[in-house]
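Taking it in order: structure first as C-alpha coordinates, then the write-up.
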Amino acid sequence: MILFDLQCGQCSHRFEAWFASSPAYEAQKERGQLACPLCMGSAVRKAPMAPRLNGVGREDGPPHAVADAPAAAQGVSEADMAKLHMAMTKAAAAQADMLKQSQWVGNKFAEQARAIHYGEAPAQAIHGEVDKAEAKNLHAEGVKVAPLLFPVVPPEQQN
(Lines give C-alpha, C1' and ligand atoms only; values in the text may rest on other atoms or scores of the structure.)
Protein backbone atom coordinates (compact mmCIF):
# COMPACT_ATOMS: atom_id res chain seq x y z
CA MET A 1 0.00 0.00 0.00
CA ILE A 2 1.18 3.53 -0.82
CA LEU A 3 0.11 6.72 0.95
CA PHE A 4 -0.57 9.66 -1.39
CA ASP A 5 -0.98 13.29 -0.41
CA LEU A 6 -3.87 14.52 -2.54
CA GLN A 7 -5.40 17.92 -3.19
CA CYS A 8 -8.83 18.96 -4.42
CA GLY A 9 -8.60 21.24 -7.44
CA GLN A 10 -11.99 22.80 -6.68
CA CYS A 11 -11.42 23.92 -3.09
CA SER A 12 -7.73 23.21 -2.37
CA HIS A 13 -8.50 20.80 0.50
CA ARG A 14 -5.57 18.47 1.19
CA PHE A 15 -6.01 14.90 2.37
CA GLU A 16 -4.31 11.53 2.32
CA ALA A 17 -5.39 8.27 0.68
CA TRP A 18 -3.95 4.76 0.49
CA PHE A 19 -3.62 2.89 -2.81
CA ALA A 20 -2.35 -0.58 -3.62
CA SER A 21 0.11 0.91 -6.15
CA SER A 22 0.76 3.94 -8.35
CA PRO A 23 -1.05 2.25 -11.27
CA ALA A 24 -4.05 1.64 -8.97
CA TYR A 25 -4.16 5.38 -8.19
CA GLU A 26 -3.90 6.27 -11.89
CA ALA A 27 -6.63 3.77 -12.86
CA GLN A 28 -9.04 5.12 -10.25
CA LYS A 29 -8.29 8.70 -11.29
CA GLU A 30 -8.93 7.85 -14.97
CA ARG A 31 -12.25 6.17 -14.06
CA GLY A 32 -13.34 9.27 -12.11
CA GLN A 33 -13.50 7.37 -8.84
CA LEU A 34 -11.59 9.90 -6.73
CA ALA A 35 -13.38 12.63 -4.80
CA CYS A 36 -12.47 15.13 -2.11
CA PRO A 37 -13.81 13.78 1.21
CA LEU A 38 -14.62 17.31 2.40
CA CYS A 39 -16.50 18.82 -0.55
CA MET A 40 -16.92 15.74 -2.83
CA GLY A 41 -15.16 17.62 -5.65
CA SER A 42 -13.92 15.35 -8.43
CA ALA A 43 -10.88 17.39 -9.51
CA VAL A 44 -8.47 15.43 -7.29
CA ARG A 45 -4.75 15.40 -8.03
CA LYS A 46 -1.50 14.60 -6.26
CA ALA A 47 -0.55 17.42 -3.91
CA PRO A 48 2.73 19.22 -4.56
CA MET A 49 5.57 17.83 -2.51
CA ALA A 50 6.43 19.93 0.50
CA PRO A 51 8.62 19.33 3.52
CA ARG A 52 6.72 18.30 6.61
CA LEU A 53 7.43 20.73 9.40
CA ASN A 54 6.97 20.52 13.18
CA GLY A 55 7.26 16.86 13.77
CA VAL A 56 9.51 15.21 11.22
CA GLY A 57 11.24 12.48 13.16
CA ARG A 58 10.02 13.89 16.47
CA GLU A 59 7.27 12.79 18.79
CA ASP A 60 6.53 16.28 20.16
CA GLY A 61 4.94 17.83 17.07
CA PRO A 62 2.04 17.04 14.76
CA PRO A 63 3.10 14.53 12.10
CA HIS A 64 1.19 16.24 9.28
CA ALA A 65 1.52 19.95 10.03
CA VAL A 66 1.86 20.97 6.37
CA ALA A 67 -1.03 18.78 5.22
CA ASP A 68 -3.24 20.18 7.98
CA ALA A 69 -2.39 23.81 7.25
CA PRO A 70 -4.95 24.35 4.45
CA ALA A 71 -7.82 23.16 6.69
CA ALA A 72 -6.72 25.54 9.45
CA ALA A 73 -6.31 28.36 6.93
CA GLN A 74 -9.87 27.78 5.74
CA GLY A 75 -11.23 28.06 9.29
CA VAL A 76 -11.84 24.35 9.90
CA SER A 77 -11.40 23.67 13.60
CA GLU A 78 -9.63 20.66 15.07
CA ALA A 79 -12.99 19.58 16.54
CA ASP A 80 -14.58 19.66 13.08
CA MET A 81 -11.67 17.71 11.62
CA ALA A 82 -12.06 15.13 14.42
CA LYS A 83 -15.78 14.85 13.62
CA LEU A 84 -14.97 14.41 9.93
CA HIS A 85 -12.40 11.74 10.74
CA MET A 86 -14.93 9.90 12.93
CA ALA A 87 -17.58 10.10 10.19
CA MET A 88 -15.14 8.81 7.57
CA THR A 89 -14.09 5.97 9.89
CA LYS A 90 -17.73 4.98 10.42
CA ALA A 91 -18.46 5.21 6.69
CA ALA A 92 -15.42 3.05 5.88
CA ALA A 93 -16.54 0.45 8.46
CA ALA A 94 -20.09 0.45 7.06
CA GLN A 95 -18.73 0.02 3.52
CA ALA A 96 -16.47 -2.84 4.66
CA ASP A 97 -19.46 -4.60 6.27
CA MET A 98 -21.51 -4.10 3.11
CA LEU A 99 -18.72 -5.49 0.94
CA LYS A 100 -18.52 -8.63 3.08
CA GLN A 101 -22.19 -9.27 2.24
CA SER A 102 -21.88 -8.65 -1.50
CA GLN A 103 -20.21 -10.49 -4.35
CA TRP A 104 -17.24 -9.08 -6.28
CA VAL A 105 -18.03 -9.17 -10.03
CA GLY A 106 -15.05 -7.12 -11.23
CA ASN A 107 -15.43 -5.46 -14.63
CA LYS A 108 -18.69 -7.33 -15.30
CA PHE A 109 -20.50 -4.99 -12.88
CA ALA A 110 -22.60 -3.16 -15.50
CA GLU A 111 -23.62 -6.43 -17.18
CA GLN A 112 -24.54 -8.06 -13.85
CA ALA A 113 -26.38 -4.96 -12.55
CA ARG A 114 -28.51 -4.81 -15.71
CA ALA A 115 -29.29 -8.55 -15.53
CA ILE A 116 -30.45 -8.17 -11.92
CA HIS A 117 -32.45 -5.02 -12.74
CA TYR A 118 -34.27 -6.62 -15.67
CA GLY A 119 -34.95 -9.87 -13.76
CA GLU A 120 -32.58 -11.96 -15.88
CA ALA A 121 -30.50 -12.87 -12.80
CA PRO A 122 -31.49 -13.39 -9.17
CA ALA A 123 -31.43 -10.30 -6.96
CA GLN A 124 -28.21 -10.10 -4.97
CA ALA A 125 -25.79 -7.51 -3.66
CA ILE A 126 -22.80 -7.05 -5.99
CA HIS A 127 -19.84 -4.71 -6.29
CA GLY A 128 -17.22 -4.25 -8.97
CA GLU A 129 -15.70 -1.83 -11.45
CA VAL A 130 -17.45 0.51 -13.87
CA ASP A 131 -16.29 3.73 -15.49
CA LYS A 132 -18.06 7.04 -14.97
CA ALA A 133 -19.77 7.04 -18.39
CA GLU A 134 -21.16 3.53 -17.91
CA ALA A 135 -22.35 4.42 -14.39
CA LYS A 136 -24.28 7.35 -15.92
CA ASN A 137 -25.79 4.98 -18.51
CA LEU A 138 -26.91 2.59 -15.76
CA HIS A 139 -28.49 5.49 -13.87
CA ALA A 140 -30.27 6.72 -17.02
CA GLU A 141 -31.72 3.20 -17.51
CA GLY A 142 -33.05 3.21 -13.96
CA VAL A 143 -30.59 0.61 -12.69
CA LYS A 144 -30.06 1.41 -9.03
CA VAL A 145 -26.34 1.64 -8.32
CA ALA A 146 -24.34 3.69 -5.85
CA PRO A 147 -20.68 4.65 -5.88
CA LEU A 148 -18.49 3.35 -3.11
CA LEU A 149 -17.08 6.09 -0.91
CA PHE A 150 -13.65 4.53 -0.57
CA PRO A 151 -11.53 2.69 -3.15
CA VAL A 152 -11.86 -1.10 -3.24
CA VAL A 153 -9.40 -3.63 -4.58
CA PRO A 154 -10.35 -7.09 -5.89
CA PRO A 155 -10.38 -9.77 -3.17
CA GLU A 156 -7.21 -11.43 -4.51
CA GLN A 157 -5.27 -8.16 -4.00
CA GLN A 158 -6.19 -7.72 -0.34
CA ASN A 159 -3.55 -8.49 2.24
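Every chain in the C-alpha coordinates has a letter given in the order shown (A, B, ...), and although residue numbers restart at 1 in each chain, ligands are simply numbered from 1 in the order shown.
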
Could you make a table, as CSV, of the residues of segment 97-122 of chain A that have an atom within 10 Å of an atom of segment 139-147 of chain A, each with its nearest atom pair and distance in Å to one decimal, counting only C-alpha atoms, in chain and number order?
```
residue,atom,partner,partner_atom,distance
A:Phe109,CA,A:Val145,CA,10.0
A:Ala110,CA,A:Val143,CA,9.3
A:Ala113,CA,A:Val143,CA,7.0
A:Arg114,CA,A:Val143,CA,6.6
A:Ala115,CA,A:Val143,CA,9.7
A:Ile116,CA,A:Val143,CA,8.8
A:His117,CA,A:Val143,CA,5.9
A:Tyr118,CA,A:Val143,CA,8.6
```

With N, CA and C atoms retained, export the selected residues as a PDB file, in the first residue's frame.
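Saved result, out_32.pdb, follows:
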```pdb
ATOM      1  N   PHE A 109     -19.499  -5.624 -13.744  1.00  0.00           N
ATOM      2  CA  PHE A 109     -20.498  -4.994 -12.883  1.00  0.00           C
ATOM      3  C   PHE A 109     -21.706  -4.488 -13.662  1.00  0.00           C
ATOM      4  N   ALA A 110     -21.482  -3.734 -14.736  1.00  0.00           N
ATOM      5  CA  ALA A 110     -22.599  -3.164 -15.497  1.00  0.00           C
ATOM      6  C   ALA A 110     -23.489  -4.267 -16.058  1.00  0.00           C
ATOM      7  N   ALA A 113     -25.378  -5.877 -13.107  1.00  0.00           N
ATOM      8  CA  ALA A 113     -26.382  -4.963 -12.552  1.00  0.00           C
ATOM      9  C   ALA A 113     -27.607  -4.889 -13.460  1.00  0.00           C
ATOM     10  N   ARG A 114     -27.382  -4.833 -14.771  1.00  0.00           N
ATOM     11  CA  ARG A 114     -28.507  -4.811 -15.715  1.00  0.00           C
ATOM     12  C   ARG A 114     -29.297  -6.121 -15.640  1.00  0.00           C
ATOM     13  N   ALA A 115     -28.603  -7.251 -15.594  1.00  0.00           N
ATOM     14  CA  ALA A 115     -29.285  -8.546 -15.527  1.00  0.00           C
ATOM     15  C   ALA A 115     -30.156  -8.640 -14.272  1.00  0.00           C
ATOM     16  N   ILE A 116     -29.657  -8.162 -13.161  1.00  0.00           N
ATOM     17  CA  ILE A 116     -30.446  -8.169 -11.918  1.00  0.00           C
ATOM     18  C   ILE A 116     -31.632  -7.223 -12.056  1.00  0.00           C
ATOM     19  N   HIS A 117     -31.390  -6.029 -12.590  1.00  0.00           N
ATOM     20  CA  HIS A 117     -32.447  -5.022 -12.739  1.00  0.00           C
ATOM     21  C   HIS A 117     -33.587  -5.514 -13.629  1.00  0.00           C
ATOM     22  N   TYR A 118     -33.252  -6.173 -14.721  1.00  0.00           N
ATOM     23  CA  TYR A 118     -34.270  -6.624 -15.665  1.00  0.00           C
ATOM     24  C   TYR A 118     -34.807  -8.016 -15.353  1.00  0.00           C
TER      25      TYR A 118
END
```

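The two atoms in question, atom CA of Lys108 of chain A and atom CA of Lys29 of chain A, are spaced 19.5 Å apart.
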
### Message
List as a list in words the protein and nucleic acid residues near His85 of chain A, meaning an atom at most 12 Å away when only C-alpha atoms are counted, but skip any in the same chain fewer than 6 places from it.
### Response
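Result of the neighbour search: Phe15, Glu16, Pro37, Leu38, Glu78, Ala79, Ala91 and Ala92 of chain A.
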
### Of the listed residues A:Pro151, A:Gly41, A:Gly32, A:Pro48, that which approaches Gln95 of chain A most closely, counting only C-alpha atoms
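Result for the nearest residue to Gln95 of chain A: A:Pro151.
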
### Task
Just give me the gap between atom CA of Gly106 of chain A and atom CA of Asp131 of chain A in Å, one decimal is fine.
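Straight-line distance from atom CA of Gly106 of chain A to atom CA of Asp131 of chain A works out to 11.7 Å.
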
### Message
Ranking A:Glu129, A:Glu26, A:Asp5, A:Asp80 by minimum distance to Lys46 of chain A and counting only C-alpha atoms, which one comes first?
### Response
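For Lys46 of chain A, the nearest of the given residues is A:Asp5.
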
### Query
By how many Å are atom CA of Lys136 of chain A and atom CA of Gly9 of chain A apart?
22.6 Å
